[in-house]
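This report concerns only the one structure given below.
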Protein chains: 2
Amino acid sequence: MAEDKIGSVGIVETKTVRLVEADEPLKLTSGKSLGPIDAAYETYGQLNSAGDNVVLVCHALSGSAHAAGFNSRDDKKPGWWDIMIGPGKAIDTNKYFVICSNFLGSCSGTTGPGSINPATGKPYHLDFPMITIADMVRVQKLVLDKLGIKQLLAVIGGSMGGMQVLQWAIEYPQIVKSAIVIAATSKLGAQAIAFDAVGRNAIMSDIQADRPPKKGLATARMIGHITYLSEQSMREKFGRELRSTEKYSYDLGAEFSVETYLDHQGQSFVERFDADSYLYITKAMDYFDIEKDYGSLQKALAETKSRFMIVSFTSDWLFTPAQSEEIVNALVAQRKPVSYCNISSPYGHDAFLLEPEALGSLLSGFLSTTMEKPKFEKPAVVSAAKGFDRIKRVRVDYELIESLIKPNSRVLDVGCGDGQLLLGLQHDKNIIAEGIEVDQRLVSQCVNNGINIIHRDIERGLKHYPADTFDYAILSQTLQTLKNPKQVFVELLQVSHKVIVSFPNFAYWRCRANLFFAGKAPRTKQLPFRWYDTPNIHVLSLKDFEDFCDEVGAKIEQKIPLIGNRASPVKFAPNIFAEQAIYLTSKK
Amino acid sequence: MAEDKIGSVGIVETKTVRLVEADEPLKLTSGKSLGPIDAAYETYGQLNSAGDNVVLVCHALSGSAHAAGFNSRDDKKPGWWDIMIGPGKAIDTNKYFVICSNFLGSCSGTTGPGSINPATGKPYHLDFPMITIADMVRVQKLVLDKLGIKQLLAVIGGSMGGMQVLQWAIEYPQIVKSAIVIAATSKLGAQAIAFDAVGRNAIMSDIQADRPPKKGLATARMIGHITYLSEQSMREKFGRELRSTEKYSYDLGAEFSVETYLDHQGQSFVERFDADSYLYITKAMDYFDIEKDYGSLQKALAETKSRFMIVSFTSDWLFTPAQSEEIVNALVAQRKPVSYCNISSPYGHDAFLLEPEALGSLLSGFLSTTMEKPKFEKPAVVSAAKGFDRIKRVRVDYELIESLIKPNSRVLDVGCGDGQLLLGLQHDKNIIAEGIEVDQRLVSQCVNNGINIIHRDIERGLKHYPADTFDYAILSQTLQTLKNPKQVFVELLQVSHKVIVSFPNFAYWRCRANLFFAGKAPRTKQLPFRWYDTPNIHVLSLKDFEDFCDEVGAKIEQKIPLIGNRASPVKFAPNIFAEQAIYLTSKK
């Protein structure tokens with residue numbers, strides 16, 4: 001019963017549905033046909049009357065339709081993503097109607113190589129036709145059709161599940177309101193293919209001797225398992241610990257803990273998984289290549305209509321953050337609404353199953369703000385640091401920046417913190433808002449505020465943005481903290497019609513006096529740091545900035561020197577009396 | 001013949017020598033005994049009359065005694081390290097007498113599991129006793145004894161060869177004048193053990209069905225091969241390229257180029273290597289753990305007498321730079337002479353076979369300066385930038401720094417460039433010199449200048465140095481370029497009795513005037529940078545530094561304000577008239 005497990009969807013039933021009959025088989029990507037096709041699926045929560053609260057969850061290589069809850073009272077382990085799915089959890093079954101279906105080719109209820117081949121009356125085994133991620137998604141679509149689902153609030157998946165999400169967004173743009181791609185890639189690289197190939201090789205070698213090829217499958221799973229963990233997590237979990245004694249046994253048995261652990265992983269996998277399915281599924285993964293299928297990643301994503309959220313994990317070396325960023329960059333280049341977060345985690349690829357807090361906050365925030373735009377509440381006082389206490393930046397008055405921005409424009413805020421400025425501009429000026437932020441916690445806040453946010457260090461470059469993507473780019477109190485301010489400013493001038501820059505004036509009279517009379521590096525209210533702990537690693541004055549604009553070919557359209565946060569601009573000798581300044585600039 | 005191959009040792013013969021007779025077997029680490037033992041070896045070059053030019057080369061897992069040249073005129077491939085060993089090459093056979101012997105347990109001439117078991121008259125196979133790296137080194141020592149070799153100029157090895165080098169330096173400190181450890185580790189981590197274990201598992205599974213277990217060995221080799229390459233090198237070499245067509249074949253055959261490549265690697269390995277040897281050697285690697293054997297890495301290295309050079313490769317994820325740094329740190333903590341270089345390479349672990357230039361320069365420089373101390377030639381003009389054109393630092397007059405240093409002291413130069421200052425101090429003051437430098441090219445120059453040099457960013461910390469390791473630490477024109485100058489300065493005060501600091505004075509009158517009258521970030525002869533491209537990310541004056549010393553508990557023992565590089569210190573109002581300053585400081 002559900003009641004005795006807090007936050008659990010309780011006892012759930014895996015249902016099976018006939019999707020395709022033998023006499024009307026499904027045409028597969030490979031050109032071959034397959035029928036009959038059955039699919040196993042589970043659902044959690046209730047479909048609302050508008051039918052707009054459906055969340056489709058796509059599972060990974062060894063997963064199944066059983067994503068949450070328990071299949072019986074005696075079940076010891078809940079579904080594979082129970083930490084995320086349930087009442088009050090990130091994918092909240094009190095709000096959303098959640099569907100998870102076992103994909104084609106698998107061995108947990110949906111038709112696969114272990115199913116009976118109607119032509120022979122025996123299991124297909126290696127006579128099963130090759131399948132692709134696209135085939136799997138097509139079959140999932142048939143499940144939804146059977147259930148009468150017309151639109152998806154979100155499609156979510158990690159690892160191979162994330163590949164299915166991409167395929168969904170591309171193939172069914174009208175249906176998929178949002179797409180959450182976690183620890184995935186648009187195509188496997190050579191190293192990942194290599195690991196898959198060695199696993200398949202071990203199975204195929206074993207099949208020649210033995211069926212089921214238990215040893216080969218165990219080897220394949222052991223290889224896979226190493227790639228799902230990070231070096232760090234293995235080191236911390238096992239190190240060089242021995243299984244039983246402190247002394248080496250000097251024989252060929254498994255004696256390090258990590259060996260016995262992998263042995264166990266291999267053995268237990270053999271008991272629950274079909275080696276043929278493993279061959280077909282890894283091959284489908286290797287085949288997955290959006291670039292090849294659609295000409296380029298950008299072309300593939302050009303017709304999508306979804307809000308995207310891409311999530312990677314810092315220690316994932318199977319599907320790396322760089323691969324996630326490729327997807328992000330292609331979406332950005334196509335001016336699609338996208339958020340990206342690279343979650344700091346030691347757990348490697350498996351982190352998508354093991355980071356309920358960081359990942360959960362992103363999922364719940366993204367889902368709820370996709371379901372309903374958050375109401376804007378003007379903060380009583382706009383926080384000077386915008387929640388950004390890592391570096392105590394001194395922020396200029398936002399109202400002045402707002403005054404420079406025309407309604408309905410497209411605005412990029414670089415180092416946007418929790419997104420308060422963008423929220424205000426959205427509310428007051430109806431802008432299209434995008435943010436870039438380097439701090440993971442603030443990225444998560446942006447997502448929860450409904451802001452499209454890219455988790456990135458601006459110094460890594462903006463070259464994936466097309467020219468003039470934005471009407472305004474805002475660089476507030478950041479220029480002087482950058483390692484390479486020139487590169488960033490020049491790139492911003494490329495991607496935005498206008499660039500708004502604010503910075504503290506190092507030639508403010510107190511600074512001058514400090515140095516001139518006291519012979520010390522200046523410390524003022526606006527520059528409160530000591531010489532050795534300041535985030536301001538470059539010092540510049542209004543004059544310096546104006547010379548700089550001249551040099552890099554920027555036109556100064558407006559200049560607002562300020563004393564403190566006072567909104568009344570300095571009229572007289574600003575390079576002496578202004579503590580900081582806001583400039584509106586553009587390409588010459 | 002040698003003549004027709006330029007830079008080759010030519011035709012060489014692998015010799016075999018009986019080391020241990022059956023009736024006087026060798027006692028192994030495991031407690032078991034082994035006899036008879038034969039060893040295969042090759043030599044290149046000539047032993048000199050002093051007998052002090054011997055270089056022992058240790059090979060890796062799949063290597064052999066055949067390190068250079070050709071075994072016959074028809075040989076298509078030279079020895080495994082031919083790029084390094086030969087006349088005029090890094091390990092110059094015109095100068096050195098080079099020995100390489102096949103290690104115990106291998107299958108290329110030295111006794112191993114494929115040898116005949118005298119008890120049965122049949123090959124040992126899995127009745128061969130377990131062996132360790134220590135056993136291998138003991139057998140190598142017997143080879144040298146047979147050859148009458150009494151001392152080793154250097155022991156060199158990459159990967160598992162580097163483990164043997166460590167064992168040599170620890171077990172035979174009196175013999176080993178220098179030890180060069182390349183892409184190695186003092187112990188395998190959990191991930192590396194895991195890969196080995198899966199490989200062994202595949203072989204052992206196959207042995208039950210088949211002998212020789214060709215399929216299992218091929219699988220093991222394929223796994224190993226992936227770990228020898230980097231993700232980047234695999235991506236660049238193979239990407240997602242298909243073997244023959246542009247279209248997927250939609251079957252289970254190997255169709256990606258990387259698959260066929262690995263298949264080929266597996267197959268060709270099976271033809272030349274023995275599966276049993278693979279089991280024993282990988283197990284010996286997994287067992288290797290200096291920490292466990294000697295109580296700690298530091299204890300293990302405490303009695304060594306060698307000059308060490310540790311080399312790692314940036315993209316090596318099997319035996320990582322961090323693992324090399326552990327060895328370096330332990331040596332530093334034991335105040336042993338050590339140089340370290342982390343070579344930037346995309347080739348992963350295999351880089352030790354593929355970086356002849358960068359690695360070759362280190363090897364030849366280290367070998368020749370170990371053989372003979374380089375003569376000191378005072379440069380006509382000490383280069384202001386010390387070859388350090390990456391950041392155009394303005395250097396103070398070295399003579400002034402020299403004047404602060406007492407003879408016979410131990411000196412650390414932080415950011416030492418090519419080591420000219422240390423060379424001068426060695427010559428004039430007979431100091432013990434150590435350097436830290438972040439630029440690989442300059443590290444290599446230091447090695448060639450005979451300076452013990454650690455390749456490291458000083459901001460990563462000095463905590464592995466014991467307190468008061470040095471009499472003097474020099475931080476010349478570097479303080480203001482550091483992200484965290486306070487941490488570095490405080491750490492230097494810990495590891496050194498005295499710290500000599502020089503920096504440009506930001507309160508020099510021209511700077512003051514610049515800011516005060518022109519309202520611009522200062523540019524002077526000593527501070528020639530623009531505000532946005534300066535390496536000086538912190539600005540400080542003499543007064544600032546003195547306040548700073550007070551705050552961190554440093555005593556100023558001497559202060560030398562300077563105008564330009566002029567050796568005559570500024571007497572009057574130095575914070576105004578000095579362009580730069582040198583301070584001699586110590587802990588309070």
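Scheme for the structure tokens: letters A, B, ... for chains in order shown; per-chain residue numbers from 1; ligand numbers from 1 in order shown.
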Considering only C-alpha atoms, extract the chain A residues located within 7 Å of chain B and return them as a short mmCIF file (atom, residue, chain, number, x, y, z; two decimals) with all heavy atoms, in the first residue's frame.
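Contents of part34.cif, freshly written:
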```cif
data_model
loop_
_atom_site.label_atom_id
_atom_site.label_comp_id
_atom_site.auth_asym_id
_atom_site.auth_seq_id
_atom_site.Cartn_x
_atom_site.Cartn_y
_atom_site.Cartn_z
N SER A 30 16.22 0.64 -39.85
CA SER A 30 17.11 -0.20 -40.66
C SER A 30 16.47 -0.63 -41.96
O SER A 30 17.14 -1.17 -42.83
CB SER A 30 17.48 -1.45 -39.87
OG SER A 30 16.33 -2.27 -39.70
N MET A 130 17.95 -5.04 -36.10
CA MET A 130 18.64 -3.93 -35.43
C MET A 130 17.65 -2.81 -35.15
O MET A 130 16.78 -2.51 -35.98
CB MET A 130 19.75 -3.37 -36.33
CG MET A 130 21.02 -4.13 -36.23
SD MET A 130 21.73 -3.89 -34.60
CE MET A 130 22.47 -5.49 -34.39
N GLY A 189 31.31 9.23 -28.53
CA GLY A 189 32.65 9.40 -29.06
C GLY A 189 33.34 8.05 -29.23
O GLY A 189 32.79 7.00 -28.88
N ALA A 190 34.56 8.09 -29.77
CA ALA A 190 35.30 6.86 -30.07
C ALA A 190 35.54 6.02 -28.82
O ALA A 190 35.44 4.79 -28.85
CB ALA A 190 36.63 7.21 -30.74
N GLN A 191 35.83 6.67 -27.70
CA GLN A 191 36.14 5.91 -26.49
C GLN A 191 34.91 5.16 -25.99
O GLN A 191 35.00 3.98 -25.62
CB GLN A 191 36.67 6.84 -25.39
CG GLN A 191 37.31 6.09 -24.24
CD GLN A 191 37.70 7.01 -23.10
OE1 GLN A 191 36.88 7.73 -22.54
NE2 GLN A 191 38.97 7.01 -22.76
N ALA A 194 34.23 2.32 -28.17
CA ALA A 194 35.24 1.29 -27.92
C ALA A 194 34.83 0.42 -26.72
O ALA A 194 34.89 -0.81 -26.79
CB ALA A 194 36.61 1.94 -27.68
N ALA A 197 32.06 -1.76 -27.75
CA ALA A 197 32.52 -2.80 -28.69
C ALA A 197 33.22 -3.94 -27.97
O ALA A 197 33.01 -5.11 -28.29
CB ALA A 197 33.45 -2.17 -29.73
N VAL A 198 34.04 -3.59 -26.97
CA VAL A 198 34.74 -4.65 -26.22
C VAL A 198 33.72 -5.50 -25.47
O VAL A 198 33.83 -6.73 -25.44
CB VAL A 198 35.78 -4.05 -25.25
CG1 VAL A 198 36.47 -5.16 -24.46
CG2 VAL A 198 36.83 -3.25 -26.01
N ALA A 202 33.10 -9.48 -26.07
CA ALA A 202 33.15 -10.51 -25.02
C ALA A 202 31.89 -11.39 -25.09
O ALA A 202 31.97 -12.62 -24.96
CB ALA A 202 33.28 -9.86 -23.64
N SER A 205 32.02 -13.57 -28.38
CA SER A 205 32.97 -14.68 -28.22
C SER A 205 32.34 -15.79 -27.41
O SER A 205 32.48 -16.98 -27.73
CB SER A 205 34.23 -14.19 -27.49
OG SER A 205 34.92 -13.27 -28.26
N LYS A 215 29.19 -15.54 -19.10
CA LYS A 215 30.51 -14.96 -18.80
C LYS A 215 30.76 -13.70 -19.61
O LYS A 215 31.27 -12.71 -19.12
CB LYS A 215 31.61 -15.99 -19.10
CG LYS A 215 31.65 -17.11 -18.09
CD LYS A 215 32.63 -18.17 -18.55
CE LYS A 215 32.35 -19.51 -17.93
NZ LYS A 215 32.85 -20.59 -18.80
N THR A 219 31.37 -9.91 -18.21
CA THR A 219 32.52 -9.08 -18.59
C THR A 219 32.06 -7.73 -19.12
O THR A 219 32.56 -6.68 -18.73
CB THR A 219 33.38 -9.80 -19.66
OG1 THR A 219 33.84 -11.04 -19.12
CG2 THR A 219 34.57 -8.96 -20.05
N MET A 222 30.84 -5.53 -16.36
CA MET A 222 31.95 -5.04 -15.53
C MET A 222 32.63 -3.85 -16.21
O MET A 222 32.93 -2.84 -15.57
CB MET A 222 32.97 -6.16 -15.28
CG MET A 222 32.46 -7.23 -14.33
SD MET A 222 33.46 -8.76 -14.39
CE MET A 222 34.74 -8.41 -13.21
N ILE A 223 32.87 -3.98 -17.50
CA ILE A 223 33.47 -2.86 -18.25
C ILE A 223 32.56 -1.65 -18.15
O ILE A 223 32.99 -0.55 -17.81
CB ILE A 223 33.68 -3.22 -19.74
CG1 ILE A 223 34.68 -4.36 -19.87
CG2 ILE A 223 34.15 -2.00 -20.52
CD1 ILE A 223 34.74 -4.96 -21.28
N GLU A 231 36.80 7.92 -11.41
CA GLU A 231 38.03 7.46 -10.75
C GLU A 231 37.97 7.85 -9.29
O GLU A 231 38.27 7.04 -8.41
CB GLU A 231 39.24 8.11 -11.45
CG GLU A 231 40.59 7.58 -11.02
CD GLU A 231 41.12 8.26 -9.77
OE1 GLU A 231 40.80 9.44 -9.54
OE2 GLU A 231 41.84 7.61 -9.01
N MET A 234 35.52 5.64 -7.27
CA MET A 234 36.08 4.31 -7.06
C MET A 234 37.18 4.36 -6.00
O MET A 234 37.30 3.48 -5.16
CB MET A 234 36.66 3.74 -8.35
CG MET A 234 35.62 3.36 -9.38
SD MET A 234 36.36 2.48 -10.78
CE MET A 234 36.05 0.80 -10.30
N ARG A 235 38.01 5.37 -6.10
CA ARG A 235 39.11 5.52 -5.15
C ARG A 235 38.56 5.66 -3.73
O ARG A 235 39.02 5.01 -2.80
CB ARG A 235 39.95 6.76 -5.54
CG ARG A 235 41.11 7.03 -4.64
CD ARG A 235 42.19 7.90 -5.33
NE ARG A 235 41.70 8.86 -6.30
CZ ARG A 235 41.28 10.11 -6.00
NH1 ARG A 235 41.30 10.52 -4.75
NH2 ARG A 235 40.87 10.91 -6.95
N PHE A 238 36.56 2.23 -2.76
CA PHE A 238 37.33 0.98 -2.65
C PHE A 238 38.81 1.19 -2.34
O PHE A 238 39.38 0.42 -1.58
CB PHE A 238 37.23 0.18 -3.96
CG PHE A 238 35.84 -0.10 -4.39
CD1 PHE A 238 35.30 0.54 -5.49
CD2 PHE A 238 35.06 -0.99 -3.67
CE1 PHE A 238 34.00 0.28 -5.89
CE2 PHE A 238 33.75 -1.25 -4.07
CZ PHE A 238 33.22 -0.61 -5.18
N GLY A 239 39.40 2.17 -2.96
CA GLY A 239 40.84 2.34 -2.83
C GLY A 239 41.55 1.05 -3.18
O GLY A 239 41.22 0.39 -4.16
N ARG A 240 42.50 0.64 -2.34
CA ARG A 240 43.21 -0.61 -2.56
C ARG A 240 42.83 -1.64 -1.50
O ARG A 240 43.55 -2.60 -1.23
CB ARG A 240 44.73 -0.38 -2.53
CG ARG A 240 45.23 0.48 -3.69
CD ARG A 240 46.73 0.64 -3.65
NE ARG A 240 47.41 -0.62 -3.53
CZ ARG A 240 47.70 -1.43 -4.55
NH1 ARG A 240 47.34 -1.09 -5.77
NH2 ARG A 240 48.34 -2.56 -4.36
N TYR A 250 48.44 -13.92 -2.94
CA TYR A 250 49.33 -14.43 -4.00
C TYR A 250 48.70 -15.58 -4.79
O TYR A 250 49.27 -16.65 -4.93
CB TYR A 250 50.70 -14.81 -3.42
CG TYR A 250 51.46 -13.60 -2.92
CD1 TYR A 250 51.71 -13.42 -1.56
CD2 TYR A 250 51.89 -12.62 -3.81
CE1 TYR A 250 52.37 -12.29 -1.10
CE2 TYR A 250 52.56 -11.49 -3.35
CZ TYR A 250 52.79 -11.33 -2.01
OH TYR A 250 53.44 -10.22 -1.55
N ASP A 251 47.49 -15.35 -5.25
CA ASP A 251 46.89 -16.26 -6.22
C ASP A 251 46.06 -15.44 -7.20
O ASP A 251 46.03 -14.21 -7.11
CB ASP A 251 46.06 -17.34 -5.52
CG ASP A 251 44.91 -16.74 -4.73
OD1 ASP A 251 44.28 -15.75 -5.18
OD2 ASP A 251 44.63 -17.25 -3.63
N VAL A 258 37.48 -3.97 -4.95
CA VAL A 258 36.90 -3.50 -6.19
C VAL A 258 36.68 -4.67 -7.16
O VAL A 258 35.72 -4.67 -7.95
CB VAL A 258 37.78 -2.39 -6.83
CG1 VAL A 258 39.14 -2.94 -7.29
CG2 VAL A 258 37.06 -1.72 -7.99
N GLU A 259 37.53 -5.69 -7.06
CA GLU A 259 37.36 -6.87 -7.91
C GLU A 259 36.09 -7.63 -7.54
O GLU A 259 35.29 -8.01 -8.40
CB GLU A 259 38.55 -7.82 -7.77
CG GLU A 259 39.84 -7.31 -8.37
CD GLU A 259 40.96 -8.34 -8.24
OE1 GLU A 259 41.53 -8.47 -7.13
OE2 GLU A 259 41.27 -9.01 -9.24
N ASN A 484 40.60 38.23 -18.88
CA ASN A 484 40.81 38.81 -20.19
C ASN A 484 39.63 39.70 -20.57
O ASN A 484 38.79 39.34 -21.39
CB ASN A 484 40.98 37.69 -21.22
CG ASN A 484 41.56 38.22 -22.51
OD1 ASN A 484 41.48 39.43 -22.79
ND2 ASN A 484 42.13 37.35 -23.31
N PRO A 485 39.56 40.88 -19.96
CA PRO A 485 38.39 41.76 -20.18
C PRO A 485 38.22 42.16 -21.64
O PRO A 485 37.09 42.31 -22.10
CB PRO A 485 38.66 42.97 -19.30
CG PRO A 485 40.08 42.87 -18.86
CD PRO A 485 40.52 41.46 -19.01
N LYS A 486 39.33 42.29 -22.35
CA LYS A 486 39.23 42.75 -23.74
C LYS A 486 38.47 41.73 -24.58
O LYS A 486 37.53 42.08 -25.30
CB LYS A 486 40.63 42.98 -24.31
CG LYS A 486 40.62 43.59 -25.70
CD LYS A 486 42.04 43.85 -26.18
CE LYS A 486 42.05 44.23 -27.65
NZ LYS A 486 43.44 44.39 -28.14
N ALA A 507 39.90 55.94 -10.59
CA ALA A 507 40.43 57.30 -10.52
C ALA A 507 39.53 58.23 -9.71
O ALA A 507 39.67 59.45 -9.75
CB ALA A 507 40.66 57.86 -11.92
N ARG A 512 42.61 58.31 -5.81
CA ARG A 512 43.78 59.12 -6.15
C ARG A 512 44.50 59.59 -4.91
O ARG A 512 45.73 59.50 -4.79
CB ARG A 512 43.36 60.35 -6.96
CG ARG A 512 42.66 60.03 -8.25
CD ARG A 512 42.51 61.29 -9.08
NE ARG A 512 41.56 61.04 -10.16
CZ ARG A 512 41.61 61.67 -11.32
NH1 ARG A 512 42.53 62.57 -11.55
NH2 ARG A 512 40.71 61.41 -12.25
N LEU A 515 46.46 56.89 -3.02
CA LEU A 515 47.73 56.54 -3.61
C LEU A 515 48.69 57.72 -3.55
O LEU A 515 49.85 57.58 -3.16
CB LEU A 515 47.52 56.09 -5.07
CG LEU A 515 48.79 55.65 -5.80
CD1 LEU A 515 49.38 54.41 -5.15
CD2 LEU A 515 48.49 55.36 -7.27
N PHE A 516 48.15 58.90 -3.88
CA PHE A 516 49.04 60.06 -4.01
C PHE A 516 49.60 60.49 -2.66
O PHE A 516 50.79 60.70 -2.51
CB PHE A 516 48.29 61.24 -4.65
CG PHE A 516 49.21 62.30 -5.15
CD1 PHE A 516 49.80 62.19 -6.41
CD2 PHE A 516 49.53 63.42 -4.38
CE1 PHE A 516 50.66 63.16 -6.88
CE2 PHE A 516 50.39 64.39 -4.84
CZ PHE A 516 50.96 64.27 -6.09
N GLY A 519 50.20 56.78 -0.41
CA GLY A 519 51.09 55.82 -1.08
C GLY A 519 50.63 54.39 -0.90
O GLY A 519 51.42 53.47 -0.76
N LYS A 520 49.32 54.21 -0.88
CA LYS A 520 48.77 52.86 -0.65
C LYS A 520 47.72 52.52 -1.70
O LYS A 520 47.08 53.39 -2.27
CB LYS A 520 48.14 52.78 0.74
CG LYS A 520 49.17 52.91 1.86
CD LYS A 520 48.53 52.95 3.22
CE LYS A 520 48.07 51.57 3.65
NZ LYS A 520 47.78 51.56 5.12
N ALA A 521 47.59 51.22 -1.95
CA ALA A 521 46.53 50.78 -2.85
C ALA A 521 45.19 51.21 -2.26
O ALA A 521 44.95 51.05 -1.07
CB ALA A 521 46.57 49.27 -3.01
N TRP A 531 44.65 44.85 -1.10
CA TRP A 531 45.31 44.64 -2.39
C TRP A 531 45.44 43.16 -2.74
O TRP A 531 45.42 42.78 -3.90
CB TRP A 531 46.69 45.31 -2.42
CG TRP A 531 47.72 44.68 -1.52
CD1 TRP A 531 47.97 45.00 -0.22
CD2 TRP A 531 48.58 43.59 -1.83
NE1 TRP A 531 48.94 44.18 0.30
CE2 TRP A 531 49.35 43.31 -0.67
CE3 TRP A 531 48.82 42.83 -2.98
CZ2 TRP A 531 50.30 42.29 -0.63
CZ3 TRP A 531 49.77 41.81 -2.93
CH2 TRP A 531 50.51 41.56 -1.76
N TYR A 532 45.52 42.32 -1.70
CA TYR A 532 45.82 40.91 -1.99
C TYR A 532 44.58 40.03 -2.01
O TYR A 532 44.68 38.85 -2.35
CB TYR A 532 46.83 40.36 -0.97
CG TYR A 532 46.43 40.52 0.47
CD1 TYR A 532 45.58 39.61 1.08
CD2 TYR A 532 46.88 41.61 1.21
CE1 TYR A 532 45.20 39.78 2.40
CE2 TYR A 532 46.50 41.78 2.53
CZ TYR A 532 45.67 40.86 3.13
OH TYR A 532 45.28 41.03 4.41
N ASP A 533 43.41 40.54 -1.65
CA ASP A 533 42.23 39.67 -1.69
C ASP A 533 41.11 40.25 -2.54
O ASP A 533 39.98 39.79 -2.48
CB ASP A 533 41.73 39.35 -0.28
CG ASP A 533 41.24 40.58 0.46
OD1 ASP A 533 41.23 41.67 -0.15
OD2 ASP A 533 40.88 40.44 1.64
N ILE A 537 40.83 42.31 -10.35
CA ILE A 537 42.21 42.04 -10.72
C ILE A 537 42.70 42.99 -11.80
O ILE A 537 43.83 42.91 -12.22
CB ILE A 537 42.39 40.57 -11.15
CG1 ILE A 537 41.48 40.23 -12.33
CG2 ILE A 537 42.11 39.63 -9.98
CD1 ILE A 537 41.70 38.84 -12.85
N HIS A 538 41.81 43.87 -12.25
CA HIS A 538 42.26 44.94 -13.14
C HIS A 538 41.74 46.26 -12.59
O HIS A 538 40.62 46.31 -12.06
CB HIS A 538 41.74 44.74 -14.57
CG HIS A 538 42.32 43.52 -15.22
ND1 HIS A 538 43.62 43.45 -15.63
CD2 HIS A 538 41.78 42.32 -15.50
CE1 HIS A 538 43.86 42.26 -16.15
NE2 HIS A 538 42.76 41.55 -16.08
N VAL A 539 42.53 47.30 -12.70
CA VAL A 539 42.08 48.60 -12.23
C VAL A 539 41.97 49.53 -13.42
O VAL A 539 42.84 49.54 -14.29
CB VAL A 539 43.05 49.18 -11.18
CG1 VAL A 539 43.05 48.30 -9.93
CG2 VAL A 539 44.46 49.30 -11.72
N LEU A 540 40.86 50.23 -13.48
CA LEU A 540 40.69 51.15 -14.59
C LEU A 540 39.87 52.35 -14.15
O LEU A 540 39.14 52.30 -13.17
CB LEU A 540 40.02 50.46 -15.79
CG LEU A 540 38.53 50.15 -15.71
CD1 LEU A 540 38.00 49.85 -17.10
CD2 LEU A 540 38.24 48.98 -14.78
N SER A 541 40.03 53.40 -14.91
CA SER A 541 39.27 54.63 -14.64
C SER A 541 38.30 54.85 -15.80
O SER A 541 38.32 54.12 -16.80
CB SER A 541 40.23 55.81 -14.55
OG SER A 541 40.79 56.05 -15.84
N LYS A 543 38.44 57.26 -17.83
CA LYS A 543 39.27 57.60 -18.99
C LYS A 543 39.86 56.35 -19.63
O LYS A 543 39.90 56.23 -20.85
CB LYS A 543 40.41 58.53 -18.56
CG LYS A 543 40.07 59.99 -18.72
CD LYS A 543 41.34 60.82 -18.67
CE LYS A 543 40.99 62.30 -18.51
NZ LYS A 543 42.17 63.09 -18.10
N ASP A 544 40.33 55.44 -18.78
CA ASP A 544 40.89 54.19 -19.30
C ASP A 544 39.85 53.45 -20.14
O ASP A 544 40.15 52.95 -21.22
CB ASP A 544 41.33 53.26 -18.14
CG ASP A 544 42.61 53.73 -17.47
OD1 ASP A 544 43.51 54.18 -18.18
OD2 ASP A 544 42.68 53.64 -16.23
N ASN A 575 35.52 61.75 -13.95
CA ASN A 575 36.64 60.82 -13.70
C ASN A 575 37.25 61.06 -12.32
O ASN A 575 37.98 60.23 -11.80
CB ASN A 575 37.70 60.95 -14.79
CG ASN A 575 38.58 59.70 -14.90
OD1 ASN A 575 38.09 58.59 -14.69
ND2 ASN A 575 39.85 59.89 -15.19
#
```
What are the DSSP strand (DSSP E) residues of stretch 425-455 of chain A, as JSON, numbers by chain?
-> {"A": [432, 433, 434, 435, 436, 437, 452, 453, 454, 455]}
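Among the candidates B:Lys525, B:His464, B:Lys141, B:Lys15, the residue lying nearest to B:His66 is B:Lys15 (atoms considered: only C-alpha atoms).
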Skip B:Gly365 itself and residues of its chain fewer than 3 positions away, then list as a VMD selection string all residues within 7 Å of it, counting only C-alpha atoms.
-> chain B and resid 361 to 362 368 to 369 447 to 448
Expected answer as a ChimeraX atom specification: helix (DSSP H, G or I) residues in stretch 36-273 of chain A | /A:125-127,133-147,160-171,190-209,214-228,231-237,257-272
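Once B:Pro78 and its same-chain neighbours fewer than 3 positions away are set aside, Lys5, Gly7, Ser8, Val9, Gly10, Ile11, Val12, Ser64, Ala65, His66, Ala67, Ala68, Gly69, Phe70, Asn71, Ser72, Arg73, Asp74, Asp75, Trp81, Asp82, Ile83, Met84, Ile85 and Gly86 of chain B remain within 12 Å of it when counting only C-alpha atoms.
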So which residues touch A:Glu24 within 9 Å, counting only C-alpha atoms, skipping near sequence neighbours fewer than 3 positions away, as an NGL selection string?
-> :A and (20-21 or 34-36)
Tell me, in Å to one decimal, how far atom CA of A:Pro407 is from atom CA of A:Asn452.
->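 A separation of 18.4 Å between them.
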